[in-house]
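J.: Let me give you the structure first, and then I'll get to my questions.
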Amino acid sequence: MDEKLATKLGILADAAKYDVSCASSGAPKRKAGKNGLGATAPSGICHAFTPDGRCVSLLKILLTNYCLFDCAYCINRRSSNVPRARFSVEEVVRLTLEFYKRNYIEGLFLSSGIARSPDRTMEEMMRVAKTLRRVHGFQGYIHLKAIPEASPWLIEEAGRYADRLSINLELASGASLKTLAPEKNDRTITHAMGQMHERILEARDERRRFSPAGQSTQVIVGADDVKDAAIIRTSARLYGDYALKRVYYSAFSPIPEASVLLPAKAPPLRRENRLYQADWLMRFYGFSADEVADSGEDGMLALDVDPKLAWALKHRERFPVDVNCAEREMLLRVPGLGQRAVERILTSRRHQKLRLPDLARLTAGLKRALPFLVTPDHRPVSLIDRLDLRQRLAEPAQQMSLF
Amino acid sequence: MARVRIDMKAGADLDGFRKALRALVRDGVAPDDVVFAAEGAQDLFGEPFVGEAPPVALPRVVTRLIADVVCHRDHERYGLLYRLVWRVLHGERALLEVASDPLVCRLARMQQEVRRDIHHMHGFLRFRRVVTKGGVTESETEGSGIEDKERFVAYFEPGHFTLVAAAPFFTERFANMAWSILTPDGSLHWDGKELVEGPPARRDPAAAGDGFEEGWRTYYAATFNPARANPKLMAQHMPRRYWADMPEVAAIPELVSSAPARVREMIAREAAASPKRAPEKALQKMREDRPKSLQDLNALIAASEPLVSGATRAVLGEGPLNADIVFVGEQPGDQEDREGRPFVGPAGQLLDRALAEAGIERGSVYLTNAVKHFKFEMRGKRRIHQKPSVSEVKHYRWWLMAELEFLSPRLVVALGGTAALALSGRQVSVTKTRGRQEFPPFAGFLTVHPAYLLRLPDAEAKASAYRAFVDDLRQVRVIAGKRREAA
Ligand code: SF4
């Protein structure tokens with residue numbers, strides 16, 4: 001690879017790394033034809049992990065980090081002093097193909113600063129996807145970060161080639177959007193999400209190809225003073241209204257060239273983690289947004305215990321539950337029991353009465369679950385009333401340390 | 001003591017196990033009476049055992065489990081599997097559902113380990129591009145004059161005997177490449193058509209990376225966020241055993257050791273308090289970027305791909321730019337698509353006649369369509385018109401509304417339901433709401449599409465529908481005239 005291209009790659013990958021909504025899952029299963037390259041795996045594949053513990057599955061880059069806008073949380077904003085670069089359509093195509101052939105990646109995640117104009121930028125992004133699919137028969141995963149201000153026809157065309165289109169909400173409240181990204185407005189963004197949702201549904205009805213892996217979004221946590229409860233409710237609304245596939249939470253990282261409007265401190269990783277757990281409870285464990293939001297104090301999720309445990313501690317009257325006859329819904333609410341463990345309990349108990357040693361084979365989280373369940377050889381009546389239960393189950397409450 | 005000894009081939013010997021299993025079941029040999037011996041194992045008692053026997057019917061989940069677990073490196077795998085099969089065949093048909101059973105639990109764990117191993121191979125294997133003469137090895141083709149060819153070669157050390165099980169992933173994905181995967185247990189070679197198994201291989205210390213490895217390392221380093229460093233988590237997900245063959249790993253030590261300093265620097269650096277500039281420039285730019293004239297817009301439409309199936313080209317609107325009345329039809333038809341002009345087919349000719357009778361000059365009005373492309377399906381040699389769907393109409397709406405903005409007519413006439421849908425954004429019944437309408441921001445009128453008149457089967461109905469259509473057009477002329485005077 002020539003040096004100029006490598007330099008650009010460094011700059012434009014660096015600028016894209018704060019976007020976390022880039023999993024490669026959810027695309028319809030595809031494989032390469034005789035002359036094609038690439039396939040998709042339904043649940044995505046991680047090809048490497050970086051020392052921040054995050055997975056690399058896509059080539060995640062910006063087309064350019066020049067931007068006409070000035071969003072405070074964004075390193076690419078107009079008033080930031082970072083080095084700038086721009087890829088040509090052909091360069092992105094080439095990098096994607098060459099990396100893909102070496103099995104480094106599952107596909108491409110392409111985002112961009114708004115250079116020149118929303119339409120021109122969106123058009124180039126669309127052309128990258130189109131060239132990959134049309135000219136090179138590329139069947140790997142393509143995710144484009146749509147530019148909400150671009151014309152609908154461009155987004156429509158982009159959706160024909162991309163597996164997923166997404167729009168980042170970035171900030172959970174309209175008010176913080178106003179202070180931190182005055183040129184954006186939440187109505188434009190939610191409106192664009194609404195349109196995108198409509199199109200995805202229609203296309204499905206008509207068996208037409210449009211962003212088959214749906215849409216996702218990202219919310220930055222910790223750049224403003226919005227509370228967890230509000231973020232959780234916003235997410236619930238987004239899942240409900242626009243059938244988003246995922247809401248990603250990104251703890252705001254200090255960025256080089258930070259704007260004065262932003263806190264200069266380490267990212268609240270524990271908080272981000274708790275939000276993901278809360279999100280998970282809503283999507284897979286049957287918790288409502290209100291239940292999750294109310295498990296904490298003052299609208300913030302507890303940091304010392306995970307939201308499921310926090311909820312259980314607040315609702316001790318509903319425990320312990322009997323492993324051998326409780327319903328699925330209630331078993332799912334037992335701290336320490338994951339979805340898989342619950343499924344295995346349900347099938348196993350049809351054949352035998354489960355005792356503690358059986359349970360130990362079914363879940364790794366038995367120790368955490370003990371105070372909340374009953375088996376023929378275990379009855380934790382006293383444990384559930386213990387005042388120090390929380391302390392006994394909590395993790396030390398500090399920020400995860402860097403090393 | 002074991003009565004029977006079965007000799008298994010090295011690696012994942014699924015065929016060997018299947019054959020043995022059939023014979024053992026036929027003879028009713030209990031699990032305690034069998035020893036599965038690895039290839040070359042010595043000092044084992046028991047009769048070596050061979051034989052052909054009919055297949056054994058087993059639940060699907062069990063055969064899946066067998067196929068996975070034979071790939072495991074644990075030398076007890078065949079014995080455990082046979083134990084499971086024995087119990088399944090002796091009254092415990094649903095044994096696999098009893099996840100709490102110790103044997104099931106152990107086999108499930110082994111299955112999971114194998115699957116994880118396959119998954120790791122899919123993710124962590126790295127190809128290197130090498131140029132060879134034609135085929136698999138250079139010696140084979142030496143002096144044969146076959147051209148240089150690119151081939152992608154990977155060396156990988158799987159945790160279990162998973163090479164063959166992992167292969168379909170690579171043949172599906174890298175279908176049009178020539179590649180080889182080398183492992184200590186065997187190798188696989190693909191030429192675009194056929195997969196050939198080869199002997200075990202060793203890591204070639206002389207194998208050099210290609211130019212993209214360096215670029216990949218650059219990417220890998222750039223995508224790491226020092227403010228979130230968490231090398232423990234990394235090692236959990238990406239076991240060290242694979243690191244030796246992954247080019248990006250070379251960047252890790254430096255990334256980890258420099259992270260705290262980079263973060264301190266980022267936090268310490270006081271924001272270069274850049275004054276925030278007003279957003280006007282960006283917004284202005286956006287406004288400028290919209291097509292500035294009908295001509296620009298039409299160029300855009302013409303250059304875009306059809307959003308419906310069929311269509312060879314876009315058919316643009318036609319008529320004077322200052323027309324009082326704009327007629328909006330459904331979509332171009334066969335003849336319109338061939339000529340690239342609106343309303344030139346049979347329906348267009350009927351419209352011409354009706355316009356003339358109503359006293360409207362065709363040359364004075366603007367004619368266009370809601371959908372700019374001819375949607376059709378081939379039936380034999382004929383192109384059969386297809387009605388555009390609601391969403392297709394909506395997708396074209398942006399173009400139609402932009403077009404009307406440039407024309408700003410006094411009256412917009414929707415010919416048929418599709419046009420009304422495009423103009424109003426919702427479904428409208430022509431029979432119920434025929435006549436004056438609002439198509440915000442335009443004054444509007446709704447009537448039938450002339451093609452509808454052509455389709456009516458009996459002559460009398462046709463004649464009366466035509467008269468009604470001409471009456472509508474007369475009204476259109478009057479309304480447009482009044483609006484012009486009022487202005
Ligand atoms: S528009 Fe996007 S790229 Fe530009 S400053 Fe805002 S967030 Fe950053």
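Convention: chains lettered A, B, ... in structure tokens order; per-chain residue numbering from 1; ligands numbered from 1 as shown.
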Hey, which residues come within 7 Å of ligand 1 if we count only C-alpha atoms and all ligand atoms? Could you give them as a PyMOL selection string?
T.: chain A and resi 65+67-71+74-78+112-114+181
J.: Store the residues of this selection in a file with C-alpha atoms, as a compact mmCIF listing (two decimals), in the first residue's frame.
T.:
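again.txt was written with the following content:
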```txt
# COMPACT_ATOMS: atom_id res chain seq x y z
CA ASN A 65 -13.12 14.22 8.17
CA CYS A 67 -16.92 18.93 8.01
CA LEU A 68 -19.06 21.99 7.52
CA PHE A 69 -20.71 21.44 10.90
CA ASP A 70 -19.47 22.25 14.34
CA CYS A 71 -20.87 19.68 16.76
CA CYS A 74 -17.22 15.54 17.56
CA ILE A 75 -13.56 15.52 16.72
CA ASN A 76 -14.29 16.32 13.10
CA ARG A 77 -16.13 19.50 13.80
CA ARG A 78 -15.23 22.51 11.73
CA SER A 112 -18.32 10.79 6.87
CA GLY A 113 -17.99 14.37 7.87
CA ILE A 114 -20.19 16.62 5.82
CA ALA A 181 -24.87 20.47 18.13
```
J.: Can you list, as a ChimeraX atom specification, every protein, DNA or RNA residue that comes within 12 Å of B:Arg73 when you count only C-alpha atoms, leaving out same-chain residues fewer than 3 positions away?
T.: /B:10-13,38,68-70,76-78,110-111,113-114,117,158-162,185
J.: For B:Ala201, list every protein, DNA or RNA residue within 12 Å, evaluated using only C-alpha atoms, and leave out those in the same chain fewer than 3 positions away; present the list as a list in words.
T.: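 Listed by chain and then number, they are Val153, Ala154, Tyr155, Phe156, Glu157, Ser180, Ile181, Leu182, Thr183, Pro184, Asp185, Gly186, Ser187, Leu188, Glu197, Gly198 and Asp204 of chain B.
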J.: Could you please take those selected residues and save N, CA and C atoms as a PDB file, in the first residue's frame?
T.:
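Output (again_38.pdb):
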```pdb
ATOM      1  N   VAL B 153      -2.418 -17.488   1.147  1.00  0.00           N
ATOM      2  CA  VAL B 153      -2.002 -18.607   1.994  1.00  0.00           C
ATOM      3  C   VAL B 153      -2.092 -18.210   3.460  1.00  0.00           C
ATOM      4  N   ALA B 154      -2.631 -19.115   4.261  1.00  0.00           N
ATOM      5  CA  ALA B 154      -2.721 -18.844   5.694  1.00  0.00           C
ATOM      6  C   ALA B 154      -2.131 -20.012   6.472  1.00  0.00           C
ATOM      7  N   TYR B 155      -1.440 -19.698   7.557  1.00  0.00           N
ATOM      8  CA  TYR B 155      -1.031 -20.732   8.495  1.00  0.00           C
ATOM      9  C   TYR B 155      -1.819 -20.523   9.771  1.00  0.00           C
ATOM     10  N   PHE B 156      -2.398 -21.593  10.308  1.00  0.00           N
ATOM     11  CA  PHE B 156      -3.237 -21.445  11.490  1.00  0.00           C
ATOM     12  C   PHE B 156      -3.100 -22.676  12.371  1.00  0.00           C
ATOM     13  N   GLU B 157      -3.127 -22.476  13.690  1.00  0.00           N
ATOM     14  CA  GLU B 157      -3.068 -23.619  14.603  1.00  0.00           C
ATOM     15  C   GLU B 157      -4.370 -23.740  15.375  1.00  0.00           C
ATOM     16  N   SER B 180      -4.938 -21.364   0.217  1.00  0.00           N
ATOM     17  CA  SER B 180      -4.537 -22.558   0.953  1.00  0.00           C
ATOM     18  C   SER B 180      -4.569 -22.250   2.436  1.00  0.00           C
ATOM     19  N   ILE B 181      -5.033 -23.214   3.213  1.00  0.00           N
ATOM     20  CA  ILE B 181      -4.939 -23.079   4.664  1.00  0.00           C
ATOM     21  C   ILE B 181      -4.054 -24.213   5.168  1.00  0.00           C
ATOM     22  N   LEU B 182      -2.983 -23.847   5.869  1.00  0.00           N
ATOM     23  CA  LEU B 182      -2.039 -24.836   6.367  1.00  0.00           C
ATOM     24  C   LEU B 182      -2.184 -24.946   7.889  1.00  0.00           C
ATOM     25  N   THR B 183      -2.286 -26.186   8.376  1.00  0.00           N
ATOM     26  CA  THR B 183      -2.315 -26.373   9.828  1.00  0.00           C
ATOM     27  C   THR B 183      -1.443 -27.574  10.182  1.00  0.00           C
ATOM     28  N   PRO B 184      -1.115 -27.708  11.463  1.00  0.00           N
ATOM     29  CA  PRO B 184      -0.284 -28.865  11.867  1.00  0.00           C
ATOM     30  C   PRO B 184      -1.040 -30.186  11.705  1.00  0.00           C
ATOM     31  N   ASP B 185      -2.355 -30.143  11.527  1.00  0.00           N
ATOM     32  CA  ASP B 185      -3.118 -31.387  11.385  1.00  0.00           C
ATOM     33  C   ASP B 185      -3.434 -31.736   9.945  1.00  0.00           C
ATOM     34  N   GLY B 186      -3.161 -30.829   9.038  1.00  0.00           N
ATOM     35  CA  GLY B 186      -3.495 -31.078   7.646  1.00  0.00           C
ATOM     36  C   GLY B 186      -3.645 -29.753   6.931  1.00  0.00           C
ATOM     37  N   SER B 187      -3.863 -29.807   5.612  1.00  0.00           N
ATOM     38  CA  SER B 187      -4.010 -28.552   4.883  1.00  0.00           C
ATOM     39  C   SER B 187      -5.141 -28.669   3.870  1.00  0.00           C
ATOM     40  N   LEU B 188      -5.633 -27.512   3.434  1.00  0.00           N
ATOM     41  CA  LEU B 188      -6.702 -27.463   2.446  1.00  0.00           C
ATOM     42  C   LEU B 188      -6.297 -26.502   1.338  1.00  0.00           C
ATOM     43  N   GLU B 197      -7.623 -31.870   0.040  1.00  0.00           N
ATOM     44  CA  GLU B 197      -6.946 -32.002   1.330  1.00  0.00           C
ATOM     45  C   GLU B 197      -5.485 -32.350   1.121  1.00  0.00           C
ATOM     46  N   GLY B 198      -4.639 -31.819   1.966  1.00  0.00           N
ATOM     47  CA  GLY B 198      -3.212 -32.095   1.850  1.00  0.00           C
ATOM     48  C   GLY B 198      -2.620 -32.453   3.198  1.00  0.00           C
ATOM     49  N   ASP B 204       5.978 -21.491   8.122  1.00  0.00           N
ATOM     50  CA  ASP B 204       7.173 -21.178   7.339  1.00  0.00           C
ATOM     51  C   ASP B 204       7.803 -19.905   7.878  1.00  0.00           C
TER      52      ASP B 204
END
```
J.: Have a look at B:Gly91, B:Pro55, B:Pro253, B:Pro441 and name the one nearest to chain A; count only C-alpha atoms.
T.: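 Nearest to chain A: B:Pro253.
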J.: Mind checking which residues fall within 8 Å of A:Arg274, counting only C-alpha atoms, ignoring those fewer than 2 positions away in the same chain, and posting them as a PyMOL selection string?
T.: chain A and resi 270-272+276-278+301-303+306-307
J.: How would the residues just picked look written out with N, CA and C atoms as a tab-separated table (two decimals), in the first residue's frame?
T.:
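Written out: part.tsv:
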```tsv
chain	number	residue	atom	x	y	z
A	270	ARG	N	-18.21	2.46	33.38
A	270	ARG	CA	-19.10	1.65	34.17
A	270	ARG	C	-20.55	2.03	33.85
A	271	ARG	N	-20.76	3.30	33.69
A	271	ARG	CA	-22.12	3.77	33.39
A	271	ARG	C	-22.57	3.25	32.01
A	272	GLU	N	-21.68	3.35	31.07
A	272	GLU	CA	-21.98	2.83	29.73
A	272	GLU	C	-22.37	1.35	29.82
A	276	TYR	N	-25.90	-0.63	28.81
A	276	TYR	CA	-26.03	-1.79	27.93
A	276	TYR	C	-26.79	-2.90	28.64
A	277	GLN	N	-26.50	-3.09	29.93
A	277	GLN	CA	-27.21	-4.14	30.67
A	277	GLN	C	-28.70	-3.82	30.76
A	278	ALA	N	-28.99	-2.54	30.99
A	278	ALA	CA	-30.38	-2.13	31.09
A	278	ALA	C	-31.11	-2.36	29.76
A	301	LEU	N	-28.79	4.78	37.14
A	301	LEU	CA	-28.65	3.37	37.44
A	301	LEU	C	-27.59	3.19	38.52
A	302	ALA	N	-27.78	2.15	39.34
A	302	ALA	CA	-26.79	1.88	40.37
A	302	ALA	C	-25.47	1.51	39.71
A	303	LEU	N	-24.36	1.94	40.28
A	303	LEU	CA	-23.07	1.57	39.72
A	303	LEU	C	-22.49	0.33	40.39
A	306	ASP	N	-25.51	-4.59	39.09
A	306	ASP	CA	-26.11	-4.45	37.77
A	306	ASP	C	-27.61	-4.22	37.90
A	307	PRO	N	-28.25	-3.72	36.86
A	307	PRO	CA	-29.65	-3.30	36.99
A	307	PRO	C	-30.60	-4.45	37.35
```
J.: Just want the 9 Å neighbourhood of B:Val344, counted on only C-alpha atoms, with same-chain residues fewer than 4 positions away dropped. Output as a ChimeraX atom specification.
T.: /B:333,335-336,339,348-349
J.: I'd like the neighbourhood of A:Ala310 as a PyMOL selection string, where a residue qualifies if any of its atoms comes within 10 Å (using only C-alpha atoms), though same-chain residues fewer than 2 positions away should be ignored.
T.: chain A and resi 292+294-297+301-308+312-315+335+390+394
J.: Considering only strand (DSSP E or B) as DSSP defines it on the backbone, what residues of stretch 31-238 of chain B qualify? List them as a ChimeraX atom specification.
T.: /B:34-37,47-48,128-133,148-155,179-183,186-190,195-198
J.: Which is closest to chain A among B:Ser429, B:Thr312, B:Gln386, B:Asn225, if we use only C-alpha atoms?
T.: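 Closest to chain A, using only C-alpha atoms: B:Asn225.
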J.: Ranking A:Pro28, A:Pro371, A:Pro148, A:Pro51 by minimum distance to chain B and counting only C-alpha atoms, which one comes first?
T.: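 Result for the nearest residue to chain B: A:Pro51.
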J.: One number please: atom CA of A:Glu327 to atom CA of B:Glu92, in Å, one decimal.
T.: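 Calculated distance between atom CA of A:Glu327 and atom CA of B:Glu92 is 25.7 Å.
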